[in-house]
>>> print(open('structure.txt').read())   # compact mmCIF, C-alpha atoms
# COMPACT_ATOMS: atom_id res chain seq x y z
CA MET V 1 171.07 83.40 125.52
CA SER V 2 174.46 82.68 123.93
CA SER V 3 176.12 84.88 121.32
CA THR V 4 175.28 82.33 118.62
CA ASP V 5 171.62 82.35 119.62
CA GLU V 6 171.59 86.14 119.59
CA MET V 7 173.01 86.06 116.07
CA PHE V 8 170.23 83.83 114.77
CA PHE V 9 167.44 85.40 116.82
CA PRO V 10 166.61 88.13 114.22
CA VAL V 11 166.40 85.39 111.58
CA LEU V 12 163.92 83.47 113.73
CA LEU V 13 161.85 86.61 114.21
CA LEU V 14 161.66 87.12 110.44
CA LEU V 15 161.00 83.43 109.75
CA PRO V 16 157.15 83.70 109.61
CA ILE V 17 157.31 86.52 107.04
CA GLY V 18 159.87 84.56 105.03
CA LEU V 19 157.75 81.41 105.10
CA PHE V 20 154.66 83.32 104.01
CA TYR V 21 156.57 84.95 101.17
CA LEU V 22 157.87 81.53 100.10
CA VAL V 23 154.49 79.79 100.25
CA PHE V 24 152.85 82.51 98.14
CA ARG V 25 155.86 83.00 95.85
CA ARG V 26 153.87 82.22 92.69
CA ASN V 27 151.64 85.21 93.37
CA TRP V 28 154.41 87.80 93.45
CA VAL V 29 154.58 87.97 89.66
CA ASP V 30 151.44 90.03 90.13
CA SER V 31 153.04 93.32 91.14
CA GLU V 32 149.81 94.58 92.69
CA LEU V 33 149.69 91.70 95.16
CA ARG V 34 153.35 92.15 96.03
CA ALA V 35 152.84 95.86 96.59
CA ALA V 36 149.77 95.18 98.75
CA PHE V 37 151.73 92.78 100.96
CA VAL V 38 154.69 95.13 101.42
CA THR V 39 152.41 98.10 102.08
CA GLY V 40 150.50 95.99 104.57
CA LEU V 41 153.75 95.31 106.41
CA LEU V 42 154.34 99.04 106.77
CA PHE V 43 150.85 99.80 108.04
CA GLY V 44 150.92 96.77 110.33
CA GLY V 45 154.00 98.22 111.97
CA ALA V 46 152.14 101.48 112.47
CA ALA V 47 149.13 99.58 113.86
CA ILE V 48 151.06 98.00 116.72
CA LEU V 49 152.55 101.36 117.68
CA ILE V 50 149.03 102.79 117.92
CA ALA V 51 147.95 99.73 119.92
CA ARG V 52 150.71 100.31 122.46
CA VAL V 53 149.61 103.92 122.84
CA CYS V 54 146.02 102.75 123.40
CA TYR V 55 147.18 100.29 126.05
CA VAL V 56 149.06 102.90 128.11
CA PRO V 57 146.04 104.37 129.97
CA ILE V 58 144.49 100.91 130.37
CA GLU V 59 147.64 99.45 131.90
CA MET V 60 148.05 102.50 134.11
CA TYR V 61 144.53 101.91 135.41
CA LEU V 62 145.18 98.19 135.94
CA GLY V 63 148.57 98.82 137.52
CA THR V 64 150.23 96.16 135.37
CA ASP V 65 150.64 95.14 131.75
CA LEU V 66 147.77 93.31 130.06
CA ARG V 67 149.72 90.08 129.62
CA THR V 68 150.38 89.85 133.34
CA PHE V 69 146.79 90.87 134.10
CA ILE V 70 145.14 88.11 132.05
CA SER V 71 147.69 85.59 133.34
CA GLY V 72 146.90 86.39 136.96
CA PRO V 73 144.65 84.47 139.36
CA ARG V 74 141.42 86.26 138.51
CA SER V 75 137.90 85.15 137.70
CA TRP V 76 137.64 83.51 134.32
CA TRP V 77 135.00 85.93 133.09
CA ILE V 78 137.20 88.96 133.87
CA THR V 79 140.05 87.40 131.90
CA LEU V 80 137.72 86.51 129.04
CA LEU V 81 136.14 89.96 128.84
CA THR V 82 139.56 91.61 128.93
CA SER V 83 140.91 89.28 126.26
CA ILE V 84 137.99 89.90 123.90
CA GLY V 85 136.84 93.40 124.78
CA VAL V 86 140.25 95.02 125.06
CA ILE V 87 142.98 92.98 123.40
CA GLY V 88 140.85 91.38 120.70
CA PHE V 89 139.01 94.50 119.58
CA VAL V 90 141.98 96.85 119.76
CA GLU V 91 144.45 94.62 117.95
CA GLU V 92 142.12 93.18 115.31
CA GLY V 93 140.58 96.57 114.65
CA LEU V 94 143.96 98.21 114.14
CA LYS V 95 145.30 95.34 112.04
CA ALA V 96 142.22 95.47 109.84
CA GLY V 97 142.52 99.23 109.59
CA GLY V 98 146.11 98.88 108.45
CA GLY V 99 145.12 96.27 105.90
CA LEU V 100 142.28 98.37 104.51
CA VAL V 101 144.45 101.47 104.20
CA ALA V 102 147.23 99.47 102.53
CA SER V 103 144.80 97.89 100.09
CA TYR V 104 143.27 101.26 99.30
CA GLN V 105 146.70 102.67 98.56
CA VAL V 106 147.44 99.85 96.12
CA SER V 107 144.16 98.88 94.46
CA PHE V 108 141.47 101.22 95.86
CA LEU V 109 139.88 98.15 97.55
CA LYS V 110 138.95 96.69 94.14
CA ARG V 111 141.03 93.50 94.23
CA PRO V 112 139.96 90.83 96.75
CA ALA V 113 143.37 89.15 96.54
CA ALA V 114 145.12 92.48 97.14
CA ILE V 115 142.94 93.05 100.21
CA PHE V 116 143.91 89.61 101.50
CA MET V 117 147.62 90.24 100.98
CA ALA V 118 147.43 93.67 102.61
CA PHE V 119 145.73 92.20 105.69
CA CYS V 120 148.29 89.40 105.86
CA GLY V 121 151.17 91.86 105.66
CA SER V 122 149.59 93.93 108.42
CA ALA V 123 149.10 90.88 110.65
CA LEU V 124 152.64 89.58 110.15
CA ALA V 125 154.24 92.96 110.84
CA PHE V 126 152.07 93.33 113.94
CA SER V 127 153.18 89.92 115.18
CA LEU V 128 156.84 90.63 114.39
CA LEU V 129 156.96 93.86 116.38
CA GLU V 130 154.94 92.31 119.19
CA ASN V 131 157.55 89.56 119.47
CA VAL V 132 160.29 92.18 119.52
CA GLN V 133 158.51 93.95 122.36
CA TYR V 134 158.08 90.68 124.27
CA TYR V 135 161.80 90.04 123.83
CA LEU V 136 162.69 93.44 125.26
CA VAL V 137 160.32 93.07 128.21
CA PHE V 138 160.26 89.36 129.04
CA GLY V 139 163.41 88.02 127.37
CA ALA V 140 164.18 85.39 124.76
CA GLY V 141 162.85 82.54 126.89
CA THR V 142 159.32 83.89 126.46
CA VAL V 143 159.62 84.83 122.80
CA MET V 144 161.29 81.77 121.31
CA PRO V 145 158.38 79.33 121.84
CA ARG V 146 155.75 81.82 120.67
CA ILE V 147 157.26 83.02 117.37
CA ILE V 148 155.44 80.53 115.15
CA VAL V 149 152.41 80.29 117.44
CA SER V 150 151.72 84.02 117.66
CA SER V 151 152.49 84.63 113.99
CA SER V 152 150.13 81.91 112.78
CA ALA V 153 147.46 83.10 115.22
CA HIS V 154 147.71 86.76 114.17
CA LEU V 155 147.71 85.71 110.52
CA PHE V 156 144.65 83.50 110.99
CA PHE V 157 142.68 86.23 112.76
CA GLY V 158 143.69 88.69 110.04
CA CYS V 159 142.58 86.23 107.36
CA ILE V 160 139.12 86.03 108.93
CA SER V 161 138.54 89.76 108.67
CA SER V 162 140.29 89.99 105.29
CA ALA V 163 138.14 87.27 103.72
CA VAL V 164 134.94 88.92 104.95
CA ALA V 165 136.10 92.35 103.76
CA ALA V 166 137.31 91.08 100.39
CA ILE V 167 134.10 89.20 99.63
CA ALA V 168 131.92 92.10 100.81
CA LEU V 169 133.79 94.64 98.69
CA SER V 170 133.82 92.36 95.63
CA ARG V 171 130.02 92.23 95.53
CA THR V 172 129.50 95.94 95.06
CA THR V 173 130.98 98.75 93.03
CA ARG V 174 130.95 101.18 95.94
CA ALA V 175 131.26 100.92 99.68
CA ASP V 176 128.02 101.59 101.54
CA SER V 177 126.63 101.01 105.01
CA VAL V 178 125.93 97.33 104.28
CA VAL V 179 129.52 96.71 103.20
CA SER V 180 130.79 98.61 106.23
CA MET V 181 128.66 96.49 108.55
CA ARG V 182 129.97 93.31 106.96
CA ILE V 183 133.55 94.48 107.38
CA LEU V 184 132.85 95.31 111.02
CA LEU V 185 131.28 91.87 111.44
CA GLY V 186 134.48 90.28 110.14
CA ILE V 187 136.53 92.30 112.60
CA LEU V 188 134.14 91.29 115.39
CA ILE V 189 134.53 87.59 114.56
CA ALA V 190 138.32 87.97 114.44
CA ALA V 191 138.32 89.84 117.76
CA ILE V 192 136.26 87.13 119.46
CA ALA V 193 138.53 84.40 118.08
CA HIS V 194 141.59 86.37 119.19
CA GLY V 195 140.16 86.89 122.66
CA PHE V 196 139.28 83.23 123.13
CA PHE V 197 142.78 82.23 122.05
CA ASP V 198 144.42 84.60 124.54
CA PHE V 199 142.02 83.45 127.24
CA LEU V 200 142.90 79.81 126.61
CA VAL V 201 146.65 80.39 126.49
CA PHE V 202 147.10 82.83 129.35
CA HIS V 203 144.31 81.95 131.78
CA PHE V 204 145.07 78.24 131.70
CA ALA V 205 148.84 78.75 131.23
CA VAL V 206 148.99 76.43 128.22
CA GLN V 207 152.56 75.64 127.22
CA ALA V 208 153.66 76.57 123.70
CA ALA V 209 154.82 73.03 122.92
CA SER V 210 151.67 71.34 124.22
CA GLY V 211 149.34 69.29 122.08
CA VAL V 212 146.63 71.93 122.41
CA ILE V 213 148.82 74.64 120.90
CA VAL V 214 150.11 72.36 118.15
CA SER V 215 146.52 71.48 117.26
CA LEU V 216 145.57 75.15 117.22
CA VAL V 217 148.49 76.02 114.93
CA ILE V 218 147.37 73.30 112.51
CA LEU V 219 143.84 74.70 112.69
CA PHE V 220 145.16 78.20 112.02
CA LEU V 221 147.10 77.06 108.95
CA PHE V 222 144.05 75.24 107.62
CA GLY V 223 141.92 78.33 108.21
CA ILE V 224 144.43 80.53 106.38
CA GLN V 225 144.28 78.21 103.37
CA GLU V 226 140.48 78.16 103.37
CA ALA V 227 140.33 81.96 103.63
CA TRP V 228 142.68 82.28 100.65
CA ILE V 229 140.54 79.88 98.61
CA ALA V 230 137.41 81.88 99.46
CA VAL V 231 139.15 85.09 98.39
CA LEU V 232 140.30 83.51 95.13
CA ARG V 233 136.72 82.59 94.30
CA ALA V 234 135.74 86.22 94.76
CA ASP V 235 138.80 87.33 92.77
CA SER V 236 137.97 85.30 89.65
CA GLN V 237 137.64 87.11 86.36
CA HIS V 238 134.13 88.36 85.63
CA GLU V 239 134.65 88.32 81.88
CA VAL V 240 136.36 85.82 79.65
CA GLY V 241 139.43 87.33 78.07
CA LEU V 242 142.85 86.46 76.78
CA MET V 243 145.11 85.80 79.76
CA VAL V 244 148.87 85.32 79.79
CA CYS V 245 150.90 83.63 82.51
CA ALA V 246 153.51 85.92 84.03
CA GLY V 247 155.63 82.87 84.86
CA CYS V 248 155.81 80.66 81.76
CA GLY V 249 154.05 82.85 79.19
CA ALA V 250 151.25 80.37 78.41
CA PHE V 251 147.97 81.81 77.10
CA SER V 252 144.50 81.07 78.40
CA ILE V 253 140.97 82.34 77.77
CA GLU V 254 139.46 81.00 81.00
CA ARG V 255 138.29 82.96 84.05
CA SER V 256 141.33 81.83 85.98
CA ARG V 257 143.80 83.59 88.23
CA PHE V 258 146.44 80.86 88.03
CA CYS V 259 148.24 79.14 85.18
CA GLY V 260 147.27 75.53 84.57
CA PHE V 261 150.85 74.69 83.53
CA CYS V 262 153.12 76.24 86.16
CA GLY V 263 150.71 77.59 88.79
CA SER V 264 151.86 81.22 88.57
CA ARG V 265 149.47 84.14 88.54
CA VAL V 266 147.98 85.02 85.17
CA ILE V 267 147.26 88.57 84.08
CA LYS V 268 144.99 90.00 81.45
CA LYS V 269 146.81 90.55 78.20
CA GLN V 270 146.78 94.15 77.12
CA ARG V 271 145.87 94.93 73.57
CA ASN V 272 148.64 96.51 71.57
CA VAL V 273 147.20 99.29 69.47
CA SER V 274 149.42 100.57 66.73
CA ILE V 275 148.71 103.32 64.23
CA GLN V 276 150.45 103.27 60.91
CA VAL V 277 150.87 106.53 59.08
CA GLY V 278 151.34 106.20 55.37
CA ASP V 279 153.49 108.45 53.23
CA SER V 280 151.50 111.16 51.47
>>> encode(input="structure.txt", output="structure tokens")
Amino acid sequence: MSSTDEMFFPVLLLLPIGLFYLVFRRNWVDSELRAAFVTGLLFGGAAILIARVCYVPIEMYLGTDLRTFISGPRSWWITLLTSIGVIGFVEEGLKAGGGLVASYQVSFLKRPAAIFMAFCGSALAFSLLENVQYYLVFGAGTVMPRIIVSSSAHLFFGCISSAVAAIALSRTTRADSVVSMRILLGILIAAIAHGFFDFLVFHFAVQAASGVIVSLVILFLFGIQEAWIAVLRADSQHEVGLMVCAGCGAFSIERSRFCGFCGSRVIKKQRNVSIQVGDS
């Protein structure tokens, strides 16, 4: 890796977060969503540190790191069970935990869109630090092809659990056992999807630039969009009220989260109450 490549390598590592921030730029006028995303980044960083601690006894038992283990010449069912039962459940569970804690810190789990952004921040931070670890262990040759692939995959898996959690929490005023089971179901689905992806990539040694991976990345991006749309439906206003666009200032009385003129987030206009005191 040349000195020029080393100079631009941190930029490439941060590229997925930058692209996400750019794509969702019209939402950042809503300070709650911006705070949820940033807080999710912090808790996602903590999640991967916990994951590495969890992997230590497992890798000591296996005698090698998990990546090498699932890439080795073993029976397909051993690789699949390891990918789903260990990697999938540990990583998706911790990412979801980071997203839930971040969302609770910002909106007390009351805003579906804030839950989505918190989960996305957690997933992107997890992927970022995972790529840094891969760089330190395996070198730039391993990390460079997987930056976009791993980031889109982690984001997609996080969007699965975030959409399920956001919709489940939006349908009730308090979390109960039913909501908890639905959230766990979302994490389970994300863990299975994560495990199958790792099984496909590592067991069959699929190259990052292959048509299969490109197709999967396109599928991930489509899934992220669909998850966001599902969350927006759950995040619609329950009552008609006067809304004002934080971008262009246009007014609306519809149950809409976005401005029909510029596409920015709209927020509920606060009533200004003034009390006039007359001279006695």
>>> atom_distance(input="structure.txt", atom1="CA of Ser103 (chain V)", atom2="CA of Ala166 (chain V)")
10.1 Å
>>> residues_around(input="structure.txt", residues="region 175-189 of chain V", least_positions_apart="2", cutoff="8 Å", atoms="only C-alpha atoms", output="ChimeraX atom specification")
/V:89,92-93,96,160-165,168-169,172-173,191-193
>>> closest_residue(input="structure.txt", among="V:Ile87, V:Thr39, V:Pro16, V:Leu155", to="Glu59 (chain V)", atoms="only C-alpha atoms")
V:Ile87
>>> axis_aligned_box(input="structure.txt", around="region 172-187 of chain V", padding_each_side="6 Å", output="lines of an AutoDock Vina configuration file")
center_x = 131.2
center_y = 95.9
center_z = 102.8
size_x = 22.6
size_y = 23.3
size_z = 31.6
>>> atom_distance(input="structure.txt", atom1="CA of His154 (chain V)", atom2="CA of Leu124 (chain V)")
7.0 Å
>>> residues_near_point(input="structure.txt", point="(153.0, 94.6, 110.4)", cutoff="7 Å", atoms="only C-alpha atoms", output="mmCIF file with C-alpha atoms, keeping the file's coordinate frame")
data_model
loop_
_atom_site.group_PDB
_atom_site.id
_atom_site.type_symbol
_atom_site.label_atom_id
_atom_site.label_comp_id
_atom_site.auth_asym_id
_atom_site.auth_seq_id
_atom_site.Cartn_x
_atom_site.Cartn_y
_atom_site.Cartn_z
ATOM 1 C CA GLY V 40 150.500 95.990 104.570
ATOM 2 C CA LEU V 41 153.750 95.310 106.410
ATOM 3 C CA LEU V 42 154.340 99.040 106.770
ATOM 4 C CA PHE V 43 150.850 99.800 108.040
ATOM 5 C CA GLY V 44 150.920 96.770 110.330
ATOM 6 C CA GLY V 45 154.000 98.220 111.970
ATOM 7 C CA GLY V 121 151.170 91.860 105.660
ATOM 8 C CA SER V 122 149.590 93.930 108.420
ATOM 9 C CA ALA V 123 149.100 90.880 110.650
ATOM 10 C CA LEU V 124 152.640 89.580 110.150
ATOM 11 C CA ALA V 125 154.240 92.960 110.840
ATOM 12 C CA PHE V 126 152.070 93.330 113.940
ATOM 13 C CA SER V 127 153.180 89.920 115.180
ATOM 14 C CA LEU V 128 156.840 90.630 114.390
#
>>> closest_residue(input="structure.txt", among="V:Asn131, V:Thr68, V:Thr79, V:Ser107", to="Ala35 (chain V)", atoms="only C-alpha atoms")
V:Ser107
>>> closest_residue(input="structure.txt", among="V:Val53, V:Met144, V:Leu22, V:Leu80", to="His194 (chain V)", atoms="only C-alpha atoms")
V:Leu80
>>> closest_residue(input="structure.txt", among="V:Ala102, V:Ala47, V:Leu33, V:Val214", to="Val149 (chain V)", atoms="all atoms listed in the file")
V:Val214
>>> atom_distance(input="structure.txt", atom1="CA of Ala140 (chain V)", atom2="CA of Phe156 (chain V)")
24.0 Å
>>> closest_residue(input="structure.txt", among="V:Ala234, V:Met117, V:Val132, V:Ala190", to="Arg146 (chain V)", atoms="only C-alpha atoms")
V:Val132
>>> residues_around(input="structure.txt", residues="Leu94 (chain V)", least_positions_apart="2", cutoff="8 Å", atoms="only C-alpha atoms", output="NGL selection string")
:V and (47-48 or 50-51 or 90-92 or 96-98)
>>> closest_residue(input="structure.txt", among="V:Ile147, V:Leu200, V:Gly211, V:Cys248", to="Phe9 (chain V)", atoms="only C-alpha atoms")
V:Ile147
>>> residues_near_point(input="structure.txt", point="(149.2, 86.6, 132.5)", cutoff="10 Å", atoms="only C-alpha atoms", output="mmCIF file with C-alpha atoms, in the coordinates of the input")
data_model
loop_
_atom_site.group_PDB
_atom_site.id
_atom_site.type_symbol
_atom_site.label_atom_id
_atom_site.label_comp_id
_atom_site.auth_asym_id
_atom_site.auth_seq_id
_atom_site.Cartn_x
_atom_site.Cartn_y
_atom_site.Cartn_z
ATOM 1 C CA ASP V 65 150.640 95.140 131.750
ATOM 2 C CA LEU V 66 147.770 93.310 130.060
ATOM 3 C CA ARG V 67 149.720 90.080 129.620
ATOM 4 C CA THR V 68 150.380 89.850 133.340
ATOM 5 C CA PHE V 69 146.790 90.870 134.100
ATOM 6 C CA ILE V 70 145.140 88.110 132.050
ATOM 7 C CA SER V 71 147.690 85.590 133.340
ATOM 8 C CA GLY V 72 146.900 86.390 136.960
ATOM 9 C CA PRO V 73 144.650 84.470 139.360
ATOM 10 C CA ARG V 74 141.420 86.260 138.510
ATOM 11 C CA THR V 79 140.050 87.400 131.900
ATOM 12 C CA ASP V 198 144.420 84.600 124.540
ATOM 13 C CA PHE V 199 142.020 83.450 127.240
ATOM 14 C CA VAL V 201 146.650 80.390 126.490
ATOM 15 C CA PHE V 202 147.100 82.830 129.350
ATOM 16 C CA HIS V 203 144.310 81.950 131.780
ATOM 17 C CA PHE V 204 145.070 78.240 131.700
ATOM 18 C CA ALA V 205 148.840 78.750 131.230
#
